[in-house]
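With compact mmCIF, C-alpha atoms inside, this is data31.txt:
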```txt
# COMPACT_ATOMS: atom_id res chain seq x y z
CA MET A 1 85.31 145.32 104.49
CA THR A 2 88.03 143.23 106.11
CA ALA A 3 91.06 145.23 107.26
CA ALA A 4 94.00 143.01 106.30
CA GLY A 5 94.62 139.75 104.54
CA TYR A 6 97.15 137.54 102.81
CA LEU A 7 98.16 136.85 99.22
CA ALA A 8 99.21 133.30 98.27
CA VAL A 9 100.74 132.52 94.88
CA ASP A 10 101.75 129.32 93.10
CA SER A 11 103.87 130.14 90.02
CA GLY A 12 104.39 127.16 87.73
CA GLY A 13 104.63 125.97 84.19
CA SER A 14 101.03 126.82 83.34
CA GLY A 15 100.92 130.29 84.89
CA LEU A 16 99.97 131.75 88.27
CA ARG A 17 97.40 130.41 90.70
CA VAL A 18 96.46 133.05 93.27
CA ALA A 19 94.41 133.07 96.47
CA VAL A 20 93.60 135.86 98.91
CA GLY A 21 92.02 135.55 102.31
CA VAL A 22 92.11 136.35 106.00
CA PRO A 23 94.50 134.40 108.27
CA GLY A 24 92.76 131.54 110.02
CA ARG A 25 90.09 131.11 107.34
CA GLU A 26 89.80 129.39 104.01
CA PRO A 27 90.75 131.60 101.02
CA SER A 28 88.02 134.09 100.15
CA ALA A 29 88.80 134.37 96.44
CA ARG A 30 90.92 132.55 93.88
CA GLY A 31 92.09 133.37 90.40
CA GLY A 32 95.07 133.09 88.12
CA THR A 33 96.75 133.56 84.78
CA ARG A 34 97.62 131.18 81.96
CA GLU A 35 101.05 132.55 81.01
CA PRO A 36 104.15 131.11 82.70
CA VAL A 37 106.52 133.67 84.20
CA ARG A 38 109.51 134.28 81.93
CA THR A 39 113.06 133.33 82.80
CA GLY A 40 116.15 134.99 81.38
CA ALA A 41 119.78 135.72 82.13
CA ARG A 42 118.82 136.93 85.63
CA GLY A 43 116.63 133.92 86.31
CA ILE A 44 112.90 134.25 87.02
CA ASP A 45 111.78 137.70 85.83
CA PRO A 46 110.27 139.64 88.76
CA ALA A 47 108.83 142.38 86.53
CA HIS A 48 106.97 139.85 84.40
CA LEU A 49 105.66 138.10 87.52
CA MET A 50 104.44 141.40 88.97
CA SER A 51 102.81 142.49 85.70
CA GLN A 52 100.62 139.39 85.87
CA LEU A 53 100.13 139.23 89.63
CA VAL A 54 99.17 142.81 90.54
CA PRO A 55 95.92 143.09 88.57
CA VAL A 56 94.79 139.63 89.71
CA ALA A 57 95.67 140.37 93.36
CA ARG A 58 93.83 143.71 93.33
CA SER A 59 90.77 142.18 91.71
CA LEU A 60 90.62 139.27 94.16
CA ALA A 61 91.16 141.54 97.16
CA ALA A 62 88.25 143.72 96.04
CA GLU A 63 86.09 140.64 95.46
CA ALA A 64 86.90 139.36 98.97
CA GLY A 65 86.43 142.77 100.63
CA ILE A 66 90.05 142.90 101.81
CA VAL A 67 91.40 146.43 102.15
CA ALA A 68 95.11 145.55 102.51
CA LEU A 69 97.28 142.56 101.72
CA ASP A 70 99.78 142.66 104.59
CA THR A 71 101.33 139.24 103.95
CA ALA A 72 102.38 137.50 100.75
CA VAL A 73 103.79 134.07 99.98
CA VAL A 74 105.07 133.28 96.50
CA GLY A 75 106.00 129.72 95.65
CA ALA A 76 107.82 129.56 92.32
CA ALA A 77 109.03 126.76 90.09
CA GLY A 78 112.78 127.12 89.58
CA PHE A 79 113.24 129.37 92.63
CA ALA A 80 116.04 127.25 94.10
CA SER A 81 118.36 127.84 91.14
CA LEU A 82 116.78 130.82 89.34
CA GLY A 83 115.48 132.95 92.21
CA ASP A 84 118.20 135.59 92.75
CA ALA A 85 116.28 138.40 91.04
CA LEU A 86 113.08 137.48 92.88
CA ARG A 87 114.86 137.63 96.23
CA ALA A 88 116.40 140.98 95.36
CA GLU A 89 113.38 142.74 93.84
CA LEU A 90 110.06 141.06 94.58
CA PRO A 91 109.64 142.08 98.27
CA GLY A 92 110.12 145.75 97.42
CA ALA A 93 107.82 145.52 94.41
CA LEU A 94 105.10 143.84 96.48
CA ALA A 95 105.42 146.57 99.11
CA ARG A 96 105.15 149.39 96.53
CA GLU A 97 102.30 147.95 94.48
CA LEU A 98 100.22 146.13 97.09
CA GLY A 99 101.38 147.40 100.49
CA VAL A 100 102.75 144.00 101.55
CA ARG A 101 104.84 144.14 104.72
CA ALA A 102 105.90 140.51 105.20
CA VAL A 103 106.94 138.23 102.32
CA ALA A 104 107.96 134.60 102.10
CA LEU A 105 109.52 133.43 98.83
CA ALA A 106 109.70 129.68 98.41
CA ALA A 107 110.59 126.96 95.96
CA ASP A 108 107.49 125.26 94.65
CA ALA A 109 108.82 122.06 96.19
CA VAL A 110 108.55 123.72 99.62
CA THR A 111 104.98 124.91 99.05
CA ALA A 112 104.20 121.39 97.80
CA TYR A 113 105.69 120.03 101.03
CA VAL A 114 103.70 122.39 103.24
CA GLY A 115 100.53 121.71 101.28
CA ALA A 116 100.99 117.98 101.73
CA LEU A 117 102.32 117.74 105.31
CA GLY A 118 102.10 121.16 106.93
CA SER A 119 104.91 121.80 109.41
CA ARG A 120 105.55 118.18 110.37
CA PRO A 121 108.87 116.36 109.79
CA GLY A 122 108.98 114.07 106.80
CA ALA A 123 109.47 113.93 103.05
CA VAL A 124 107.38 114.77 100.01
CA LEU A 125 107.78 113.43 96.49
CA ALA A 126 106.52 115.96 93.95
CA ALA A 127 106.14 114.35 90.54
CA GLY A 128 104.78 115.67 87.27
CA THR A 129 106.83 116.17 84.14
CA GLY A 130 109.82 116.23 86.48
CA LEU A 131 110.52 114.92 89.95
CA ILE A 132 111.93 116.37 93.14
CA ALA A 133 111.99 115.17 96.73
CA VAL A 134 112.08 117.57 99.68
CA GLY A 135 112.38 116.72 103.35
CA THR A 136 112.89 118.40 106.68
CA ASP A 137 113.49 117.51 110.32
CA LEU A 138 112.34 121.08 111.14
CA THR A 139 115.93 122.27 111.62
CA GLY A 140 116.96 122.30 107.94
CA TRP A 141 115.84 121.31 104.46
CA ARG A 142 117.12 118.55 102.20
CA ARG A 143 116.31 118.16 98.51
CA ALA A 144 117.11 115.44 96.02
CA ASP A 145 116.89 115.40 92.23
CA GLY A 146 114.90 118.07 90.45
CA TRP A 147 117.78 118.43 87.98
CA GLY A 148 115.66 118.51 84.84
CA HIS A 149 114.97 115.87 82.22
CA LEU A 150 118.48 115.87 80.73
CA LEU A 151 120.36 115.38 84.01
CA GLY A 152 117.84 113.82 86.37
CA ASP A 153 114.17 113.98 87.37
CA CYS A 154 114.55 110.22 87.63
CA GLY A 155 111.18 108.50 87.83
CA GLY A 156 109.24 111.57 86.73
CA GLY A 157 106.87 111.81 83.80
CA ALA A 158 109.49 112.71 81.19
CA TRP A 159 111.75 109.92 82.48
CA ILE A 160 108.94 107.33 82.21
CA GLY A 161 107.87 108.60 78.79
CA ARG A 162 111.43 108.55 77.44
CA ALA A 163 111.98 105.00 78.75
CA GLY A 164 108.73 103.92 77.11
CA LEU A 165 109.72 105.43 73.77
CA GLU A 166 113.16 103.81 74.00
CA ALA A 167 111.44 100.45 74.48
CA ALA A 168 109.28 101.22 71.44
CA LEU A 169 112.37 101.97 69.35
CA ARG A 170 114.04 98.79 70.57
CA ALA A 171 111.04 96.82 69.36
CA HIS A 172 111.17 98.65 66.03
CA ASP A 173 114.86 97.72 65.64
CA GLY A 174 114.49 94.15 66.89
CA ARG A 175 116.76 94.75 69.89
CA ASP A 176 116.41 93.17 73.32
CA GLY A 177 114.27 95.10 75.77
CA GLY A 178 111.73 96.15 73.19
CA SER A 179 107.99 96.33 73.66
CA ALA A 180 105.58 95.72 70.81
CA PRO A 181 102.62 97.24 72.75
CA LEU A 182 104.62 100.41 73.44
CA LEU A 183 105.68 100.56 69.79
CA ALA A 184 102.04 100.41 68.74
CA CYS A 185 101.12 103.14 71.25
CA ALA A 186 104.02 105.35 70.12
CA GLU A 187 103.05 105.09 66.45
CA GLU A 188 99.41 105.77 67.23
CA ARG A 189 100.34 108.91 69.16
CA PHE A 190 103.32 110.26 67.19
CA GLY A 191 103.24 108.54 63.81
CA PRO A 192 106.07 106.37 62.41
CA VAL A 193 108.80 106.13 65.05
CA ARG A 194 111.50 106.94 62.51
CA GLY A 195 110.25 110.52 62.83
CA LEU A 196 110.62 110.73 66.61
CA PRO A 197 114.09 112.37 66.66
CA GLY A 198 112.96 115.13 64.33
CA LEU A 199 109.78 115.59 66.33
CA LEU A 200 111.44 115.72 69.77
CA TYR A 201 114.97 117.09 69.57
CA PRO A 202 114.25 120.61 68.23
CA ARG A 203 111.37 121.30 70.64
CA ALA A 204 111.77 123.54 73.67
CA ASP A 205 108.94 121.63 75.35
CA ARG A 206 110.38 118.16 74.71
CA ALA A 207 110.18 117.27 78.41
CA ALA A 208 106.43 117.79 78.31
CA VAL A 209 106.15 115.81 75.07
CA LEU A 210 108.07 112.92 76.62
CA ALA A 211 105.89 113.08 79.73
CA SER A 212 102.77 112.90 77.58
CA PHE A 213 103.72 109.30 76.80
CA ALA A 214 103.96 108.25 80.47
CA PRO A 215 100.22 107.41 80.73
CA GLU A 216 100.64 105.08 77.74
CA VAL A 217 103.33 103.21 79.67
CA ALA A 218 100.96 102.88 82.62
CA ALA A 219 98.14 101.70 80.35
CA CYS A 220 100.36 98.95 78.93
CA ALA A 221 101.80 97.79 82.26
CA ALA A 222 99.09 95.22 83.05
CA ARG A 223 99.77 93.29 79.83
CA ASP A 224 103.39 94.16 79.03
CA ARG A 225 106.38 93.14 81.16
CA VAL A 226 108.64 95.88 79.76
CA ALA A 227 106.17 98.63 80.63
CA ALA A 228 105.72 97.19 84.13
CA GLU A 229 109.50 97.09 84.60
CA ILE A 230 109.77 100.75 83.57
CA LEU A 231 107.28 101.73 86.26
CA ARG A 232 109.06 99.56 88.83
CA ALA A 233 112.35 101.27 87.96
CA ALA A 234 110.65 104.67 88.26
CA ALA A 235 109.36 103.65 91.70
CA ARG A 236 112.87 102.67 92.79
CA HIS A 237 114.23 106.05 91.67
CA MET A 238 111.48 107.86 93.55
CA ALA A 239 112.06 105.85 96.71
CA ASP A 240 115.81 106.55 96.49
CA SER A 241 115.11 110.29 96.34
CA ALA A 242 112.66 110.10 99.25
CA ALA A 243 115.19 108.16 101.33
CA ALA A 244 117.85 110.78 100.61
CA VAL A 245 115.78 113.59 102.16
CA CYS A 246 113.68 111.85 104.81
CA PRO A 247 114.72 112.40 108.45
CA PRO A 248 116.43 109.23 109.73
CA GLY A 249 114.91 109.24 113.21
CA GLY A 250 111.45 109.15 114.72
CA THR A 251 108.41 108.33 112.61
CA PRO A 252 108.47 110.89 109.79
CA GLU A 253 105.65 111.04 107.26
CA VAL A 254 106.01 110.58 103.51
CA ALA A 255 103.47 112.00 101.07
CA LEU A 256 103.07 112.09 97.30
CA THR A 257 101.90 115.12 95.35
CA GLY A 258 101.68 116.03 91.67
CA GLY A 259 99.86 115.03 88.54
CA LEU A 260 101.98 111.96 87.76
CA PHE A 261 100.32 110.00 90.55
CA LYS A 262 96.98 110.27 88.76
CA MET A 263 98.26 107.28 86.73
CA GLY A 264 97.08 105.22 89.69
CA ASP A 265 97.93 101.66 90.68
CA PRO A 266 100.37 100.78 87.88
CA LEU A 267 102.75 103.31 89.46
CA LEU A 268 101.44 103.59 93.01
CA VAL A 269 101.56 99.87 93.86
CA PRO A 270 105.29 99.44 93.10
CA LEU A 271 106.05 102.85 94.62
CA ARG A 272 104.40 101.99 97.92
CA GLU A 273 106.33 98.72 97.99
CA GLU A 274 109.64 100.48 97.29
CA LEU A 275 108.95 103.16 99.93
CA ALA A 276 108.13 100.51 102.52
CA ARG A 277 111.38 98.72 101.68
CA GLY A 278 113.57 101.82 101.62
CA LEU A 279 111.95 103.77 104.46
CA PRO A 280 110.61 101.21 106.94
CA HIS A 281 110.60 103.78 109.78
CA ALA A 282 108.43 106.27 107.86
CA ARG A 283 104.65 106.40 107.63
CA GLN A 284 103.06 106.85 104.21
CA VAL A 285 100.19 109.37 104.37
CA PRO A 286 97.97 111.05 101.77
CA ALA A 287 98.81 114.63 100.82
CA GLU A 288 96.52 117.09 102.56
CA GLY A 289 96.64 119.68 99.79
CA ASP A 290 98.48 121.07 96.77
CA PRO A 291 101.20 123.77 96.46
CA LEU A 292 98.68 126.64 96.53
CA HIS A 293 97.27 125.19 99.75
CA GLY A 294 100.87 125.17 101.02
CA ALA A 295 101.30 128.84 100.14
CA VAL A 296 98.08 129.64 102.04
CA ARG A 297 99.33 127.71 105.08
CA LEU A 298 102.65 129.57 104.98
CA ALA A 299 100.88 132.91 104.65
CA THR A 300 98.64 132.16 107.62
CA ASP A 301 101.64 131.19 109.78
CA LEU A 302 103.68 134.18 108.61
CA ALA A 303 100.85 136.60 109.38
CA ALA A 304 100.53 135.16 112.90
CA ASP A 305 104.33 135.18 113.41
CA ARG A 306 104.35 131.44 114.05
CA LEU A 307 106.30 130.20 111.05
CA THR A 308 108.41 127.35 112.43
CA LEU A 309 109.83 125.84 109.25
CA PRO A 310 113.56 126.43 108.74
CA GLY A 311 114.65 129.29 106.52
CA GLU A 312 117.13 128.72 103.71
CA PRO A 313 117.76 131.32 100.98
CA ALA A 314 117.34 128.92 98.07
CA LEU A 315 114.23 127.21 99.43
CA LEU A 316 112.34 129.41 101.92
CA CYS A 317 113.26 133.08 102.35
CA VAL A 318 111.34 135.45 104.67
CA ILE A 319 111.61 139.25 104.36
CA ARG A 320 109.79 141.63 106.67
CA GLY A 321 109.27 145.37 106.77
CA ARG A 322 110.36 146.46 103.27
CA ASN A 323 108.81 149.65 102.00
CA GLY A 324 110.23 149.54 98.48
```
Target format structure tokens, applied to this file:
Amino acid sequence: MTAAGYLAVDSGGSGLRVAVGVPGREPSARGGTREPVRTGARGIDPAHLMSQLVPVARSLAAEAGIVALDTAVVGAAGFASLGDALRAELPGALARELGVRAVALAADAVTAYVGALGSRPGAVLAAGTGLIAVGTDLTGWRRADGWGHLLGDCGGGAWIGRAGLEAALRAHDGRDGGSAPLLACAEERFGPVRGLPGLLYPRADRAAVLASFAPEVAACAARDRVAAEILRAAARHMADSAAAVCPPGGTPEVALTGGLFKMGDPLLVPLREELARGLPHARQVPAEGDPLHGAVRLATDLAADRLTLPGEPALLCVIRGRNG
């Protein structure tokens, strides 16, 4: 049996992804849940997170032969704006239930950054349904966008999907800027476009529904100028966000992470061009890992007391020595 280990958690829109291991080694066991953590008037619900996490953590620790989980890192979607209750309650709860002595709570954008670049200066674009850019010069953090599909997330999946559906509706109406290929794709996926408002507006998951159309925009881009222009505009928005957070000096690195980039060259080619134009001093590099990998890296550094990334309550918060 191994004496002590770490717990790394990625809490997102599809549930928890969890890893346990011993500092300095690859994770020994991985697991997860399929239920997203609830949010309410107090923000992210720490009790609901713990009710899902504790049985998984205990099971994985037993599987890996780890007697104690001394260190925990929890990266959570929405932590920057909805994390007050987590900061107040989660360290004590982790200490009581699992014996954790050192905790780092982070925005999922920070764990995405660390997964992609480690502790090097630079910027990371994290793009899925939404979009956020995070950067650091190792003295402080900067973030851009991540404001949700109604106010921002410009260039993200919901943004691309909404622009594609707008072009479809323009074609339906006979207005300028319409796309007949996108209209055909929209009707194949959703039915007659007259029904789109009733389909989308009442749904709590409308951002995800909009984002589901983004791959159709990418598929049309090679043969449709409007679709290609949508992806070029998305690339410009992404590059603007990266430029807003990237350190201005030296040779910082820029990496991309998130499911949106699986769309491939229709998005990546214009994005690389826009990044080269907007950030000529930066070096574009592939992401080394995902947000769970970032949580593992943070846990390893926290356990060894060599965490060098800057602390900031809304983005990366370290708490040591709580006993509940």
| task | Write out as a ChimeraX atom specification which residues come within 7 Å of A:Val9 when counting all atoms listed in the file, dropping same-chain ones fewer than 2 positions away. | result | /A:7,11,16-19,73-75,292,295
Can I get the selection written as a CSV table (one decimal), keeping the file's coordinate frame, with C-alpha atoms?
```csv
chain,number,residue,atom,x,y,z
A,7,LEU,CA,98.2,136.8,99.2
A,11,SER,CA,103.9,130.1,90.0
A,16,LEU,CA,100.0,131.8,88.3
A,17,ARG,CA,97.4,130.4,90.7
A,18,VAL,CA,96.5,133.0,93.3
A,19,ALA,CA,94.4,133.1,96.5
A,73,VAL,CA,103.8,134.1,100.0
A,74,VAL,CA,105.1,133.3,96.5
A,75,GLY,CA,106.0,129.7,95.6
A,292,LEU,CA,98.7,126.6,96.5
A,295,ALA,CA,101.3,128.8,100.1
```
| Neighbours of A:Pro280 within 10 Å (only C-alpha atoms; same-chain residues fewer than 5 positions away dropped), as an MDAnalysis selection string? | chainID A and resid 251 274:275
| Counting only C-alpha atoms, the residue of A:Leu165, A:Leu105, A:Ala228, A:Ile66 that sits nearest A:Ser212 | A:Leu165
| message | I want to know what sits within 10 Å of stretch 262-266 of chain A, based on all atoms listed in the file, with residues of the same chain fewer than 2 positions away left out; could you give that as a list of chain:residue names? | response | A:Gly128, A:Ala214, A:Pro215, A:Glu216, A:Val217, A:Ala218, A:Ala219, A:Cys220, A:Ala221, A:Ala222, A:Ala227, A:Ala228, A:Leu231, A:Arg232, A:Thr257, A:Gly258, A:Gly259, A:Leu260, A:Leu268, A:Val269, A:Pro270, A:Leu271, A:Arg272
| Expected answer as a list in words: all residues with atoms within 8 Å of (108.6, 117.1, 98.5), all atoms listed in the file |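 These residues have at least one counted atom within 8 Å: Ala109, Val110, Ala112, Tyr113, Ala123, Val124, Leu125, Ala126, Ile132, Ala133, Val134, Gly135, Arg143, Ala255, Leu256 and Thr257 of chain A.
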May I have a table of the residues of stretch 57-125 of chain A lying at most 10 Å from stretch 26-42 of chain A, giving each one's closest pair of atoms and their distance in Å to one decimal, counting all atoms listed in the file, ordered by chain and ascending residue number, as a Markdown table?
```
| residue | atom | partner | partner_atom | distance |
| --- | --- | --- | --- | --- |
| A:Ala57 | CA | A:Gly31 | CA | 8.4 |
| A:Ser59 | CA | A:Gly31 | CA | 9.0 |
| A:Leu60 | CA | A:Ala29 | CA | 5.7 |
| A:Ala61 | CA | A:Ala29 | CA | 7.6 |
| A:Ala62 | CA | A:Ala29 | CA | 9.4 |
| A:Glu63 | CA | A:Ala29 | CA | 6.9 |
| A:Ala64 | CA | A:Ser28 | CA | 5.5 |
| A:Gly65 | CA | A:Ser28 | CA | 8.8 |
| A:Ile66 | CA | A:Ser28 | CA | 9.2 |
| A:Ala76 | CA | A:Val37 | CA | 9.2 |
| A:Ala77 | CA | A:Val37 | CA | 9.4 |
| A:Gly78 | CA | A:Thr39 | CA | 9.2 |
| A:Leu82 | CA | A:Arg42 | CA | 7.4 |
| A:Gly83 | CA | A:Arg42 | CA | 8.4 |
| A:Asp84 | CA | A:Arg42 | CA | 7.3 |
| A:Ala85 | CA | A:Arg42 | CA | 6.2 |
| A:Leu86 | CA | A:Arg42 | CA | 9.3 |
```
| task | Tell me, as a PyMOL selection string, which residues lie within 12 Å of A:Ala171, counting all atoms listed in the file; anything in the same chain fewer than 6 positions away does not count. | result | chain A and resi 164-165+177-187+193+226
| request: Show which residues sit within 9 Å of A:Trp141, as a ChimeraX atom specification. Count all atoms listed in the file, and ignore same-chain residues fewer than 3 positions away. | output: /A:134-138,245,309-312,315
Expected axis-aligned box over every listed atom of stretch 122-133 of chain A, 5 Å added per side, centre plus edges in Å to one decimal, as AutoDock Vina command-line options:
```
--center_x 108.4 --center_y 114.9 --center_z 95.5 --size_x 17.2 --size_y 12.9 --size_z 32.7
```
| query | So what do you get for atom CA of A:Gln284 versus atom CA of A:Asp145, distance-wise? | reply | 20.2 Å
| task | Record the distance separating atom CA of A:Ser51 and atom CA of A:Arg96, expressed in Å with one decimal. | result |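 The value is 13.1 Å.
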| Of the listed residues A:Thr300, A:Asp10, A:Leu267, A:Ala235, that which approaches A:Thr111 most closely, counting all atoms listed in the file |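 Among A:Thr300, A:Asp10, A:Leu267, A:Ala235, it is A:Asp10 that comes nearest to A:Thr111.
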| How many Å separate atom CA of A:Asp301 from atom CA of A:Asp45? | 26.8 Å
Each residue of stretch 235-264 of chain A with at least one atom at most 10 Å from stretch 149-161 of chain A should appear once, together with its nearest atom pair and the corresponding distance in Å (one decimal); atoms considered: only C-alpha atoms; ordering: chain, then increasing residue number; output as a Markdown table.
```
| residue | atom | partner | partner_atom | distance |
| --- | --- | --- | --- | --- |
| A:Ala235 | CA | A:Gly155 | CA | 6.5 |
| A:Arg236 | CA | A:Gly155 | CA | 7.8 |
| A:His237 | CA | A:Gly155 | CA | 5.5 |
| A:Met238 | CA | A:Gly155 | CA | 5.8 |
| A:Ala239 | CA | A:Gly155 | CA | 9.3 |
| A:Asp240 | CA | A:Cys154 | CA | 9.7 |
| A:Ser241 | CA | A:Cys154 | CA | 8.7 |
| A:Gly259 | CA | A:Gly157 | CA | 9.1 |
| A:Leu260 | CA | A:Gly157 | CA | 6.3 |
| A:Phe261 | CA | A:Gly157 | CA | 9.6 |
```
| message | Measuring between only C-alpha atoms, which one of A:Ala234, A:Val296, A:Ala95, A:Cys246 shows the shortest distance to A:Arg120? | response |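 Of the candidates, the smallest distance to A:Arg120 is held by A:Cys246.
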| Quick one: of A:Ala102, A:Leu131, A:Pro247, A:Gly15, who's nearest to A:Gly146, counting only C-alpha atoms? |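 Checking each of A:Ala102, A:Leu131, A:Pro247, A:Gly15 against A:Gly146, counting only C-alpha atoms, the winner is A:Leu131.
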| request: Return the single residue from A:Val20, A:Leu279, A:Ala88, A:Ala299 that is closest to A:Gly115, with distances computed using all atoms listed in the file. | output: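 Closest candidate: A:Ala299.
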